[in-house]
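Visitor: The file below is entry_17.cif, mmCIF, C-alpha atoms:
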data_upload
loop_
_atom_site.label_atom_id
_atom_site.label_comp_id
_atom_site.auth_asym_id
_atom_site.auth_seq_id
_atom_site.Cartn_x
_atom_site.Cartn_y
_atom_site.Cartn_z
CA MET A 1300 162.99 33.55 -30.18
CA THR A 1301 165.80 31.22 -31.02
CA GLU A 1302 165.39 28.55 -33.66
CA PHE A 1303 164.00 25.35 -32.24
CA GLU A 1304 166.59 22.63 -32.01
CA PHE A 1305 165.15 19.28 -32.87
CA PRO A 1306 166.52 16.20 -31.11
CA TRP A 1307 168.58 13.70 -33.06
CA GLU A 1308 165.60 11.36 -33.46
CA TYR A 1309 163.98 13.93 -35.68
CA ASN A 1310 166.56 13.14 -38.35
CA PHE A 1311 166.22 9.42 -37.83
CA PRO A 1312 163.76 8.00 -40.43
CA PRO A 1313 162.33 5.13 -38.28
CA PHE A 1314 161.21 7.74 -35.75
CA PHE A 1315 158.40 8.61 -38.17
CA THR A 1316 157.06 5.06 -38.42
CA LEU A 1317 155.23 3.48 -35.53
CA GLN A 1318 157.48 0.75 -34.16
CA LYS A 1319 156.18 -2.81 -33.82
CA HIS A 1320 158.17 -3.92 -30.82
CA THR A 1321 156.28 -2.94 -27.66
CA GLU A 1322 159.23 -1.58 -25.69
CA THR A 1323 160.61 0.32 -28.64
CA ARG A 1324 157.22 1.79 -29.39
CA LYS A 1325 156.82 2.91 -25.82
CA GLN A 1326 160.17 4.64 -25.98
CA GLN A 1327 159.32 6.16 -29.34
CA ILE A 1328 156.03 7.58 -28.14
CA SER A 1329 157.54 9.02 -24.99
CA ARG A 1330 160.23 10.75 -27.08
CA TRP A 1331 157.54 12.16 -29.36
CA LYS A 1332 155.61 13.44 -26.36
CA GLU A 1333 158.69 15.15 -25.08
CA LEU A 1334 159.41 16.64 -28.49
CA ILE A 1335 155.89 18.03 -28.84
CA LEU A 1336 155.95 19.59 -25.37
CA THR A 1337 159.33 21.25 -25.78
CA TYR A 1338 158.42 22.42 -29.27
CA ALA A 1339 155.14 23.90 -28.07
CA LYS A 1340 156.85 25.53 -25.11
CA GLN A 1341 159.61 27.13 -27.10
CA ASN A 1342 157.28 28.44 -29.79
CA ASN A 1343 154.66 29.33 -27.19
CA GLN A 1344 152.17 27.41 -29.27
CA ALA A 1345 149.26 26.40 -27.09
CA VAL A 1346 147.18 24.80 -29.79
CA ILE A 1347 148.22 22.07 -32.19
CA ASN A 1348 146.04 20.67 -34.94
CA ILE A 1349 147.19 17.26 -36.09
CA ASN A 1350 145.62 17.83 -39.50
CA ASP A 1351 147.90 20.79 -40.19
CA GLU A 1352 151.20 20.31 -41.90
CA SER A 1353 153.94 21.57 -39.65
CA GLU A 1354 157.66 21.09 -39.37
CA LEU A 1355 156.90 19.38 -36.09
CA PHE A 1356 155.44 16.33 -37.83
CA SER A 1357 157.32 16.51 -41.11
CA ASN A 1358 161.01 16.51 -41.71
CA SER A 1359 161.59 17.59 -45.29
CA LYS A 1360 165.32 16.94 -44.98
CA ILE A 1361 164.82 13.20 -44.69
CA ASN A 1362 161.50 13.30 -46.52
CA ARG A 1363 159.51 11.79 -43.69
CA THR A 1364 156.07 12.68 -42.36
CA LEU A 1365 154.31 11.29 -39.34
CA ASP A 1366 150.99 9.65 -40.25
CA ARG A 1367 147.85 11.23 -38.90
CA GLU A 1368 146.97 8.05 -37.00
CA ILE A 1369 150.27 8.06 -35.18
CA ARG A 1370 149.88 11.74 -34.38
CA GLU A 1371 146.54 10.94 -32.84
CA VAL A 1372 148.04 8.10 -30.80
CA ILE A 1373 150.69 10.40 -29.41
CA LEU A 1374 148.28 13.24 -28.66
CA THR A 1375 145.97 10.78 -26.92
CA GLU A 1376 148.92 9.74 -24.78
CA LEU A 1377 149.57 13.39 -23.99
CA CYS A 1378 145.94 13.77 -22.96
CA LYS A 1379 146.35 10.84 -20.60
CA SER A 1380 149.25 12.53 -18.83
CA LYS A 1381 147.22 15.77 -18.63
CA ASN A 1382 149.64 17.50 -20.98
CA ALA A 1383 146.98 18.04 -23.62
CA GLU A 1384 143.25 18.33 -24.07
CA ILE A 1385 141.12 17.98 -27.11
CA VAL A 1386 139.35 21.16 -28.21
CA GLY A 1387 135.90 21.07 -29.76
CA SER A 1388 134.56 17.84 -31.18
CA LYS A 1389 136.47 14.59 -30.93
CA ASN A 1390 137.42 14.57 -34.59
CA SER A 1391 138.51 18.19 -34.78
CA GLY A 1392 142.10 17.10 -34.32
CA THR A 1393 142.76 20.27 -32.37
CA TYR A 1394 144.53 19.95 -29.07
CA GLU A 1395 145.52 22.37 -26.38
CA ILE A 1396 149.05 21.59 -25.28
CA TYR A 1397 150.10 22.03 -21.66
CA TRP A 1398 153.87 21.86 -21.25
CA LEU A 1399 152.95 22.54 -17.66
CA THR A 1400 149.72 20.85 -16.68
CA VAL A 1401 146.83 23.07 -15.70
CA ASP A 1402 147.51 22.05 -12.13
CA GLU A 1403 151.14 23.13 -12.37
CA TRP A 1404 150.21 26.39 -14.08
CA SER A 1405 147.78 27.26 -11.33
CA ASN A 1406 150.50 26.66 -8.74
CA VAL A 1407 153.01 28.77 -10.65
CA ILE A 1408 150.54 31.63 -11.04
CA TYR A 1409 149.31 31.55 -7.47
CA SER A 1410 152.76 31.45 -5.93
CA TRP A 1411 153.75 34.39 -8.11
CA ALA A 1412 150.68 36.31 -6.88
CA VAL A 1413 151.52 35.56 -3.26
CA ASN A 1414 155.22 36.31 -3.58
CA SER A 1415 154.67 39.60 -5.35
CA GLY A 1416 152.02 40.75 -2.90
CA MET A 1417 149.27 40.73 -5.49
CA THR A 1418 146.74 39.02 -3.27
CA ASN A 1419 143.66 41.08 -2.55
CA SER A 1420 144.16 43.31 -5.54
CA VAL A 1421 142.54 43.29 -8.92
CA LEU A 1422 144.61 42.54 -11.99
CA THR A 1423 143.68 42.43 -15.65
CA PHE A 1424 144.54 39.49 -17.84
CA PHE A 1425 146.35 41.88 -20.13
CA GLU A 1426 148.76 43.08 -17.47
CA LEU A 1427 149.32 39.52 -16.26
CA LEU A 1428 150.01 38.07 -19.68
CA ASN A 1429 151.50 41.05 -21.51
CA GLY A 1430 152.48 43.48 -18.80
CA ASP A 1431 156.02 44.49 -17.99
CA ASP A 1432 155.80 43.14 -14.45
CA THR A 1433 155.45 39.53 -15.53
CA ARG A 1434 158.00 39.60 -18.34
CA ASP A 1435 160.28 37.13 -16.57
CA GLN A 1436 157.47 34.83 -15.52
CA GLN A 1437 156.78 31.48 -17.12
CA PHE A 1438 153.19 32.43 -17.79
CA HIS A 1439 154.09 35.61 -19.64
CA GLN A 1440 152.25 35.58 -22.98
CA LEU A 1441 150.64 32.28 -22.16
CA ASN A 1442 147.60 31.38 -24.20
CA GLU A 1443 144.58 33.04 -22.62
CA GLN A 1444 142.43 29.89 -22.70
CA VAL A 1445 145.06 27.91 -20.84
CA PHE A 1446 145.56 30.76 -18.41
CA MET A 1447 141.83 30.88 -17.83
CA LYS A 1448 141.71 27.15 -17.11
CA ALA A 1449 144.45 27.49 -14.50
CA LEU A 1450 142.64 30.41 -12.88
CA LYS A 1451 139.34 28.53 -12.91
CA GLN A 1452 141.05 25.77 -11.00
CA LEU A 1453 142.34 28.29 -8.46
CA GLU A 1454 138.86 29.76 -8.26
CA GLY A 1455 137.53 26.31 -7.41
CA LYS A 1456 139.91 26.24 -4.47
CA GLY A 1457 138.79 29.71 -3.40
CA LYS A 1458 142.17 31.25 -4.12
CA CYS A 1459 141.00 33.75 -6.69
CA GLU A 1460 137.97 35.03 -8.49
CA VAL A 1461 137.71 35.81 -12.16
CA MET A 1462 135.74 38.88 -13.22
CA GLU A 1463 134.50 40.05 -16.55
CA ILE A 1464 133.63 43.48 -17.81
CA ASP A 1465 132.69 43.91 -21.46
CA GLY A 1466 134.42 40.75 -22.52
CA ASN A 1467 137.66 41.72 -20.81
CA TYR A 1468 138.78 39.61 -17.94
CA GLY A 1469 140.35 40.40 -14.65
CA VAL A 1470 141.19 38.40 -11.59
CA LYS A 1471 141.45 39.02 -7.89
CA PHE A 1472 143.70 36.72 -5.90
CA PHE A 1473 142.98 35.93 -2.27
CA MET B 1152 134.21 30.18 -23.53
CA GLY B 1153 130.67 30.80 -22.38
CA GLY B 1154 130.50 27.33 -20.89
CA VAL B 1155 133.38 28.08 -18.56
CA PHE B 1156 131.50 30.98 -17.03
CA GLY B 1157 128.00 29.61 -17.21
CA LYS B 1158 128.46 26.97 -14.57
CA SER B 1159 129.06 27.20 -10.84
CA LYS B 1160 128.08 30.74 -9.99
CA LYS B 1161 129.28 31.11 -6.45
CA PRO B 1162 126.63 32.05 -3.88
CA VAL B 1163 128.79 34.67 -2.23
CA SER B 1164 131.18 36.58 -4.39
CA ARG B 1165 134.14 38.15 -2.67
CA VAL B 1166 134.42 40.72 -5.42
CA THR B 1167 133.25 44.09 -4.22
CA GLU B 1168 131.96 47.03 -6.22
CA GLN B 1169 135.28 48.75 -5.68
CA ASP B 1170 137.09 45.75 -7.15
CA LYS B 1171 135.00 46.08 -10.27
CA ALA B 1172 135.79 49.77 -10.44
CA VAL B 1173 139.50 49.01 -10.11
CA LEU B 1174 139.23 46.42 -12.84
CA GLN B 1175 137.54 48.90 -15.12
CA LEU B 1176 140.22 51.49 -14.46
CA LYS B 1177 142.95 48.98 -15.12
CA GLN B 1178 141.31 47.88 -18.31
CA GLN B 1179 141.24 51.49 -19.45
CA ARG B 1180 144.92 51.68 -18.59
CA ASP B 1181 145.60 48.55 -20.63
CA LYS B 1182 143.80 50.03 -23.60
CA ILE B 1183 145.83 53.20 -23.39
CA LYS B 1184 149.01 51.17 -23.17
CA GLN B 1185 148.05 49.19 -26.24
CA TYR B 1186 147.22 52.41 -28.02
CA GLN B 1187 150.61 53.81 -27.11
CA LYS B 1188 152.32 50.73 -28.45
CA ARG B 1189 150.48 51.15 -31.71
CA ILE B 1190 151.41 54.80 -32.01
CA GLU B 1191 155.04 54.06 -31.21
CA GLN B 1192 155.16 51.50 -33.97
CA SER B 1193 153.52 53.84 -36.45
CA LEU B 1194 155.95 56.59 -35.46
CA GLU B 1195 158.83 54.37 -36.38
CA LYS B 1196 157.16 53.39 -39.65
CA ASP B 1197 156.49 57.01 -40.52
CA ARG B 1198 160.12 57.87 -39.92
CA GLN B 1199 161.24 55.15 -42.28
CA LEU B 1200 158.66 56.25 -44.83
CA ALA B 1201 159.81 59.87 -44.62
CA ILE B 1202 163.38 58.77 -45.21
CA SER B 1203 162.44 56.74 -48.26
CA CYS B 1204 160.38 59.64 -49.60
CA LEU B 1205 163.35 61.95 -49.22
CA ASN B 1206 165.53 59.46 -51.03
CA LYS B 1207 163.07 59.48 -53.89
CA GLY B 1208 163.10 63.27 -53.87
CA GLN B 1209 159.52 63.67 -52.65
CA ARG B 1210 160.23 66.48 -50.23
CA GLU B 1211 156.67 67.68 -49.78
CA ARG B 1212 155.40 64.21 -49.07
CA ALA B 1213 158.12 63.63 -46.51
CA LYS B 1214 157.14 66.83 -44.79
CA LEU B 1215 153.51 65.76 -44.72
CA ILE B 1216 154.47 62.46 -43.13
CA LEU B 1217 156.61 64.21 -40.57
CA ARG B 1218 153.69 66.49 -39.74
CA LYS B 1219 151.52 63.43 -39.11
CA LYS B 1220 154.28 61.97 -37.01
CA LYS B 1221 154.51 65.14 -34.93
CA TYR B 1222 150.78 65.08 -34.37
CA GLN B 1223 150.97 61.49 -33.16
CA GLU B 1224 153.84 62.35 -30.88
CA ASN B 1225 151.65 64.98 -29.27
CA LEU B 1226 148.92 62.42 -28.90
CA LEU B 1227 151.37 60.13 -27.19
CA GLY B 1228 152.18 62.86 -24.70
CA THR B 1229 148.50 63.39 -23.96
CA THR B 1230 147.87 59.71 -23.44
CA ASP B 1231 150.83 59.61 -21.07
CA LYS B 1232 149.14 62.21 -18.93
CA GLU B 1233 145.86 60.35 -19.06
CA LEU B 1234 147.64 57.18 -18.11
CA GLU B 1235 149.18 58.88 -15.13
CA ALA B 1236 145.78 60.16 -13.99
CA LEU B 1237 144.30 56.69 -14.35
CA GLU B 1238 147.10 55.04 -12.45
CA LYS B 1239 146.87 57.60 -9.69
CA LEU B 1240 143.16 57.05 -9.35
CA THR B 1241 143.65 53.30 -9.33
CA SER B 1242 146.22 53.38 -6.58
CA ASP B 1243 144.09 55.85 -4.60
CA LEU B 1244 141.21 53.45 -4.85
CA GLU B 1245 143.35 50.51 -3.83
CA PHE B 1246 144.77 52.45 -0.93
CA ALA B 1247 141.29 53.44 0.19
CA GLN B 1248 140.38 49.77 0.21
CA VAL B 1249 143.36 49.00 2.40
CA GLN B 1250 142.33 51.78 4.74
CA GLN B 1251 138.86 50.37 4.86
CA GLN B 1252 140.28 47.02 5.86
CA VAL B 1253 142.26 48.66 8.64
CA LEU B 1254 139.11 50.39 9.82
CA ASP B 1255 137.22 47.12 9.74
CA GLY B 1256 139.96 45.55 11.82
CA LEU B 1257 139.77 48.35 14.36
CA GLN B 1258 136.01 48.03 14.45
CA VAL B 1259 136.19 44.31 15.20
CA GLY B 1260 138.72 44.92 17.95
CA ASN B 1261 136.55 47.65 19.37
CA GLU B 1262 133.49 45.43 19.41
CA ALA B 1263 135.38 42.68 21.17
CA LEU B 1264 136.66 45.11 23.78
CA LYS B 1265 133.14 46.43 24.32
CA LYS B 1266 131.81 42.93 24.85
CA ILE B 1267 134.48 42.20 27.42
CA HIS B 1268 133.67 45.43 29.19
CA GLU B 1269 130.00 44.52 29.24
CA ILE B 1270 130.84 41.37 31.14
CA LEU B 1271 133.20 43.18 33.50
CA THR B 1272 131.27 46.04 35.08
CA ILE B 1273 132.88 48.10 37.83
CA ASP B 1274 130.40 46.77 40.41
CA GLU B 1275 131.27 43.26 39.40
CA VAL B 1276 134.97 43.98 39.80
CA GLU B 1277 134.39 45.53 43.22
CA ARG B 1278 132.30 42.58 44.30
CA ILE B 1279 135.00 40.14 43.18
CA MET B 1280 137.74 42.14 44.89
CA ASP B 1281 135.69 42.29 48.11
CA GLU B 1282 135.15 38.59 48.02
CA THR B 1283 138.82 38.00 47.47
CA ARG B 1284 139.73 40.21 50.39
CA GLU B 1285 137.26 38.40 52.59
CA GLY B 1286 138.70 35.12 51.51
CA ILE B 1287 142.21 36.24 52.36
CA GLU B 1288 141.14 37.50 55.77
CA LYS B 1289 139.41 34.27 56.51
CA GLN B 1290 142.51 32.33 55.51
CA GLN B 1291 144.65 34.48 57.82
CA GLU B 1292 142.27 33.81 60.68
CA ILE B 1293 142.46 30.11 60.04
CA ASP B 1294 146.23 30.30 59.92
CA ALA B 1295 146.30 32.10 63.24
CA ILE B 1296 144.08 29.54 64.91
CA ILE B 1297 146.03 26.59 63.61
CA SER B 1298 149.49 27.95 64.39
CA THR B 1299 148.67 28.98 67.98
CA GLY B 1300 146.88 25.76 68.86
CA ALA B 1301 149.13 23.20 67.26
CA LEU B 1302 152.55 23.22 69.05
CA SER B 1303 153.33 23.63 72.72
CA THR B 1304 156.49 25.36 74.01
CA GLU B 1305 158.01 21.95 74.84
CA ASP B 1306 157.54 20.88 71.31
CA GLU B 1307 159.15 24.06 70.10
CA ASP B 1308 162.14 23.36 72.37
CA SER B 1309 162.56 19.84 71.12
CA VAL B 1310 162.39 21.10 67.56
CA ALA B 1311 165.16 23.60 68.33
CA ALA B 1312 167.24 20.83 69.94
CA GLU B 1313 166.84 18.59 66.94
CA LEU B 1314 167.89 21.40 64.69
CA GLU B 1315 171.04 21.91 66.81
CA GLU B 1316 171.81 18.24 66.55
CA LEU B 1317 171.40 18.24 62.83
CA VAL B 1318 173.66 21.24 62.47
CA ALA B 1319 176.28 19.59 64.63
CA SER B 1320 176.28 16.36 62.66
CA THR B 1321 176.22 17.82 59.17
CA LEU B 1322 178.39 20.91 59.40
CA PRO B 1323 182.09 20.56 60.18
CA ALA B 1324 182.72 21.27 63.82
CA ILE B 1325 184.26 24.64 64.32
CA ASP B 1326 185.61 25.08 67.80
CA GLU B 1327 184.78 28.52 68.97
CA ASP B 1328 187.51 28.79 71.60
CA ILE B 1329 190.27 27.31 69.49
CA ASP B 1330 192.58 30.18 70.46
CA ASP B 1331 192.68 29.01 74.08
CA LYS B 1332 194.05 25.60 73.14
CA LEU B 1333 196.96 26.85 71.05
CA PRO B 1334 200.26 27.76 72.69
CA ASN B 1335 201.12 31.38 72.93
CA VAL B 1336 203.40 32.99 70.43
CA PRO B 1337 206.82 33.31 72.14
CA THR B 1338 207.83 36.86 72.91
CA GLU B 1339 211.53 36.25 73.61
CA GLU B 1340 214.30 35.02 71.36
CA PRO B 1341 214.76 31.26 71.74
CA GLU B 1342 218.05 30.89 73.79
CA ILE B 1343 218.79 27.25 73.30
CA GLU B 1344 219.19 27.70 69.65
CA LYS B 1345 221.85 30.34 70.11
CA LYS B 1346 223.90 28.03 72.34
CA ASN B 1347 223.74 25.24 69.84
CA ARG B 1348 225.06 27.41 67.12
CA LYS B 1349 227.99 28.52 69.21
CA GLU B 1350 228.90 24.91 69.92
CA LYS B 1351 228.71 23.90 66.30
CA GLU B 1352 230.90 26.60 64.80
CA PRO B 1353 234.18 25.61 66.49
CA GLN B 1354 233.60 21.99 65.44
CA ASP B 1355 233.44 23.04 61.80
CA ARG B 1356 236.66 24.87 62.07
CA VAL B 1357 238.35 21.80 63.53
CA ALA B 1358 237.16 19.80 60.58
CA LEU B 1359 238.66 22.30 58.16
CA GLU B 1360 242.02 22.28 59.89
CA ALA B 1361 242.27 18.53 59.63
#
Show this structure as structure tokens.
Guide:
Amino acid sequence: MTEFEFPWEYNFPPFFTLQKHTETRKQQISRWKELILTYAKQNNQAVININDESELFSNSKINRTLDREIREVILTELCKSKNAEIVGSKNSGTYEIYWLTVDEWSNVIYSWAVNSGMTNSVLTFFELLNGDDTRDQQFHQLNEQVFMKALKQLEGKGKCEVMEIDGNYGVKFF
Amino acid sequence: MGGVFGKSKKPVSRVTEQDKAVLQLKQQRDKIKQYQKRIEQSLEKDRQLAISCLNKGQRERAKLILRKKKYQENLLGTTDKELEALEKLTSDLEFAQVQQQVLDGLQVGNEALKKIHEILTIDEVERIMDETREGIEKQQEIDAIISTGALSTEDEDSVAAELEELVASTLPAIDEDIDDKLPNVPTEEPEIEKKNRKEKEPQDRVALEA
């Protein structure tokens, strides 16, 4: 995996302080949202805890760290656009990040299944997420929880059914 | 995790027993693949370890490590065979399912055909055909009665005359005895012409002389 390339704002000290002016703040938050999504996507990091110290929220080069409150504001915004979801209790500070929304994931997965003739056959999660056949797919090595959510949505539409044997999951697409 | 599965158990599951069997087979396959990955990694590690042992002069130890490596290589070969057997069984099972679907399709078609045949018995077909024939005969009779009774010979004549008239007015008139009206093609040489020529020639000569 190549080194993540931060946008220019990341080296811009005011980016780490919540802006007072409404328009500017809006812009700032939307840039942060974008940064978090691309960062999560590139590092294939499905879960972010805002209490953890990470290079994402702290730039040691300019000695700036994003306050926890601001992190929460941004993550809440991400939740609103269905790009994130809080995990566990409200104060856990742990969020699942969806650089594609669950809706989009389910579409990506289902169209792959249809196009590769996998409907009506049983597949294991392991071969879908780690198998050689899906190496060039977007959902390759996707977080299993997120994958499961997308499949559950498909299941709700009657497009697949998830099975479980001894704690290992499989799915049959229809 | 449990919450996700706990809710909304569907009344009718489309997952068959065979599907579950396939899933189990595939899970076994996954496990073997993971196992192979692990062995491959440890093979590489062992090789590196053997090299470093040799560098340190621990020949015996290097040999021991290589022996372990060889053993694992053999294991890898065995698992490959097992994997092949599993995959073969899986695809056999999947193929059998496809065949079953084909059979089901045939069955449905067969049933439908049977039902249609139940409705259409041979007697029924004969009855319908008889009725149709009767109907046609009746129609022919009616036709005969109507056509003989409707027009008299005079009417027929006037119809023919009208047709003639129409033909005459619409089609260009072609005179059938047009040959009689044309003059005959002359059989002899035209004599007058010859005389004229003789008269003209001397005049020309006169003109030249002058």
Visitor: Quick one: residues within 10 Å of Ile1190 (chain B), all atoms listed in the file counted, chain neighbours fewer than 6 positions away excluded, as a list in words?
Guide: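 Contacts, in chain order: Lys1184, Lys1196, Lys1220, Gln1223, Glu1224, Leu1226 and Leu1227 of chain B.
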Visitor: Skipping near chain neighbours, those fewer than 4 positions away, what residues fall within 9 Å of region 1443-1456 of chain A using all atoms listed in the file, listed as a PDB file with C-alpha atoms, in the coordinates of the input?
Guide:
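Done, and the output landed in selection_12.pdb:
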ATOM      1  CA  ALA A1345     149.260  26.400 -27.090  1.00  0.00           C
ATOM      2  CA  GLU A1395     145.520  22.370 -26.380  1.00  0.00           C
ATOM      3  CA  ILE A1396     149.050  21.590 -25.280  1.00  0.00           C
ATOM      4  CA  TYR A1397     150.100  22.030 -21.660  1.00  0.00           C
ATOM      5  CA  THR A1400     149.720  20.850 -16.680  1.00  0.00           C
ATOM      6  CA  VAL A1401     146.830  23.070 -15.700  1.00  0.00           C
ATOM      7  CA  ASP A1402     147.510  22.050 -12.130  1.00  0.00           C
ATOM      8  CA  GLU A1403     151.140  23.130 -12.370  1.00  0.00           C
ATOM      9  CA  TRP A1404     150.210  26.390 -14.080  1.00  0.00           C
ATOM     10  CA  SER A1405     147.780  27.260 -11.330  1.00  0.00           C
ATOM     11  CA  ASN A1406     150.500  26.660  -8.740  1.00  0.00           C
ATOM     12  CA  ILE A1408     150.540  31.630 -11.040  1.00  0.00           C
ATOM     13  CA  TYR A1409     149.310  31.550  -7.470  1.00  0.00           C
ATOM     14  CA  PHE A1424     144.540  39.490 -17.840  1.00  0.00           C
ATOM     15  CA  LEU A1428     150.010  38.070 -19.680  1.00  0.00           C
ATOM     16  CA  PHE A1438     153.190  32.430 -17.790  1.00  0.00           C
ATOM     17  CA  GLU A1460     137.970  35.030  -8.490  1.00  0.00           C
ATOM     18  CA  VAL A1461     137.710  35.810 -12.160  1.00  0.00           C
ATOM     19  CA  VAL A1470     141.190  38.400 -11.590  1.00  0.00           C
ATOM     20  CA  PHE A1472     143.700  36.720  -5.900  1.00  0.00           C
TER      21      PHE A1472
ATOM     22  CA  MET B1152     134.210  30.180 -23.530  1.00  0.00           C
ATOM     23  CA  VAL B1155     133.380  28.080 -18.560  1.00  0.00           C
TER      24      VAL B1155
END
Visitor: Given the point (157.4, 19.7, -23.1) in the file's coordinates, find the residues that have an atom at most 9 Å from it, counting only C-alpha atoms, and give them as a PDB file with C-alpha atoms, in the coordinates of the input.
Guide:
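The new file part_8.pdb reads:
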ATOM      1  CA  LYS A1332     155.610  13.440 -26.360  1.00  0.00           C
ATOM      2  CA  GLU A1333     158.690  15.150 -25.080  1.00  0.00           C
ATOM      3  CA  LEU A1334     159.410  16.640 -28.490  1.00  0.00           C
ATOM      4  CA  ILE A1335     155.890  18.030 -28.840  1.00  0.00           C
ATOM      5  CA  LEU A1336     155.950  19.590 -25.370  1.00  0.00           C
ATOM      6  CA  THR A1337     159.330  21.250 -25.780  1.00  0.00           C
ATOM      7  CA  TYR A1338     158.420  22.420 -29.270  1.00  0.00           C
ATOM      8  CA  ALA A1339     155.140  23.900 -28.070  1.00  0.00           C
ATOM      9  CA  LYS A1340     156.850  25.530 -25.110  1.00  0.00           C
ATOM     10  CA  GLN A1341     159.610  27.130 -27.100  1.00  0.00           C
ATOM     11  CA  ASN A1382     149.640  17.500 -20.980  1.00  0.00           C
ATOM     12  CA  ILE A1396     149.050  21.590 -25.280  1.00  0.00           C
ATOM     13  CA  TYR A1397     150.100  22.030 -21.660  1.00  0.00           C
ATOM     14  CA  TRP A1398     153.870  21.860 -21.250  1.00  0.00           C
ATOM     15  CA  LEU A1399     152.950  22.540 -17.660  1.00  0.00           C
TER      16      LEU A1399
END
Visitor: Starting from the PyMOL selection byres ((chain A) within 8 of (chain B)), expand the selection into actual residues of this file and give them as a list in words.
Guide: Ser1420, Val1421, Leu1422, Thr1423, Phe1425, Glu1426, Glu1460, Met1462, Ile1464, Asn1467, Gly1469 and Lys1471 of chain A
Visitor: Report, in Å with one decimal, the straight-line distance from CA of Ala1247 (chain B) to CA of Lys1265 (chain B).
Guide: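 CA of Lys1265 (chain B) lies at a distance of 26.4 Å from CA of Ala1247 (chain B).
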Visitor: Could you jot down the CA of Thr1418 (chain A) to CA of Asp1435 (chain A) separation for me, Å, one decimal place?
Guide: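 Result for CA of Thr1418 (chain A) versus CA of Asp1435 (chain A): 19.1 Å, one decimal.
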Visitor: Can you tell me, as a compact mmCIF listing (two decimals) with C-alpha atoms, in the frame of the given file, what residues are no more than 12 Å from Glu1352 (chain A) when counting all atoms listed in the file, ignoring any on the same chain fewer than 6 positions away?
Guide:
# COMPACT_ATOMS: atom_id res chain seq x y z
CA ASN A 1358 161.01 16.51 -41.71
CA SER A 1359 161.59 17.59 -45.29
CA THR A 1364 156.07 12.68 -42.36
CA LEU A 1365 154.31 11.29 -39.34
CA ASP A 1366 150.99 9.65 -40.25
CA ARG A 1367 147.85 11.23 -38.90
CA ARG A 1370 149.88 11.74 -34.38
Visitor: If you count all atoms listed in the file, which residues fall within 12 Å of Gln1327 (chain A), apart from same-chain ones fewer than 3 positions away, as a list in words?
Guide: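 Non-adjacent residues within range: Glu1308, Tyr1309, Phe1311, Pro1313, Phe1314, Phe1315, Thr1316, Leu1317, Gln1318, Lys1319, His1320, Thr1321, Glu1322, Thr1323, Arg1324, Arg1330, Trp1331, Lys1332, Glu1333, Leu1334, Ile1369, Val1372, Ile1373 and Glu1376 of chain A.
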Visitor: Once you have the residues from the selection above, write them out as a PDB file, in the coordinates of the input, restricted to C-alpha atoms.
Guide:
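For reference, selection-v6.pdb as written:
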ATOM      1  CA  GLU A1308     165.600  11.360 -33.460  1.00  0.00           C
ATOM      2  CA  TYR A1309     163.980  13.930 -35.680  1.00  0.00           C
ATOM      3  CA  PHE A1311     166.220   9.420 -37.830  1.00  0.00           C
ATOM      4  CA  PRO A1313     162.330   5.130 -38.280  1.00  0.00           C
ATOM      5  CA  PHE A1314     161.210   7.740 -35.750  1.00  0.00           C
ATOM      6  CA  PHE A1315     158.400   8.610 -38.170  1.00  0.00           C
ATOM      7  CA  THR A1316     157.060   5.060 -38.420  1.00  0.00           C
ATOM      8  CA  LEU A1317     155.230   3.480 -35.530  1.00  0.00           C
ATOM      9  CA  GLN A1318     157.480   0.750 -34.160  1.00  0.00           C
ATOM     10  CA  LYS A1319     156.180  -2.810 -33.820  1.00  0.00           C
ATOM     11  CA  HIS A1320     158.170  -3.920 -30.820  1.00  0.00           C
ATOM     12  CA  THR A1321     156.280  -2.940 -27.660  1.00  0.00           C
ATOM     13  CA  GLU A1322     159.230  -1.580 -25.690  1.00  0.00           C
ATOM     14  CA  THR A1323     160.610   0.320 -28.640  1.00  0.00           C
ATOM     15  CA  ARG A1324     157.220   1.790 -29.390  1.00  0.00           C
ATOM     16  CA  ARG A1330     160.230  10.750 -27.080  1.00  0.00           C
ATOM     17  CA  TRP A1331     157.540  12.160 -29.360  1.00  0.00           C
ATOM     18  CA  LYS A1332     155.610  13.440 -26.360  1.00  0.00           C
ATOM     19  CA  GLU A1333     158.690  15.150 -25.080  1.00  0.00           C
ATOM     20  CA  LEU A1334     159.410  16.640 -28.490  1.00  0.00           C
ATOM     21  CA  ILE A1369     150.270   8.060 -35.180  1.00  0.00           C
ATOM     22  CA  VAL A1372     148.040   8.100 -30.800  1.00  0.00           C
ATOM     23  CA  ILE A1373     150.690  10.400 -29.410  1.00  0.00           C
ATOM     24  CA  GLU A1376     148.920   9.740 -24.780  1.00  0.00           C
TER      25      GLU A1376
END
Visitor: Report, in Å with one decimal, the straight-line distance from CA of Ser1309 (chain B) to CA of Ile1293 (chain B).
Guide: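 Going from CA of Ser1309 (chain B) over to CA of Ile1293 (chain B) covers 25.1 Å.
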Visitor: For the file shown, report as a PyMOL selection string the outcome of the PyMOL selection byres ((chain A and resi 1383-1385) around 8) at residue level.
Guide: chain A and resi 1374+1377-1382+1386-1389+1392-1397+1400
Visitor: Take the point (149.2, 56.3, -16.7) as written in the file and pick out every residue within 10 Å of it, counting all atoms listed in the file; give the list as a PyMOL selection string.
Guide: chain B and resi 1177+1179-1181+1183-1184+1230-1241
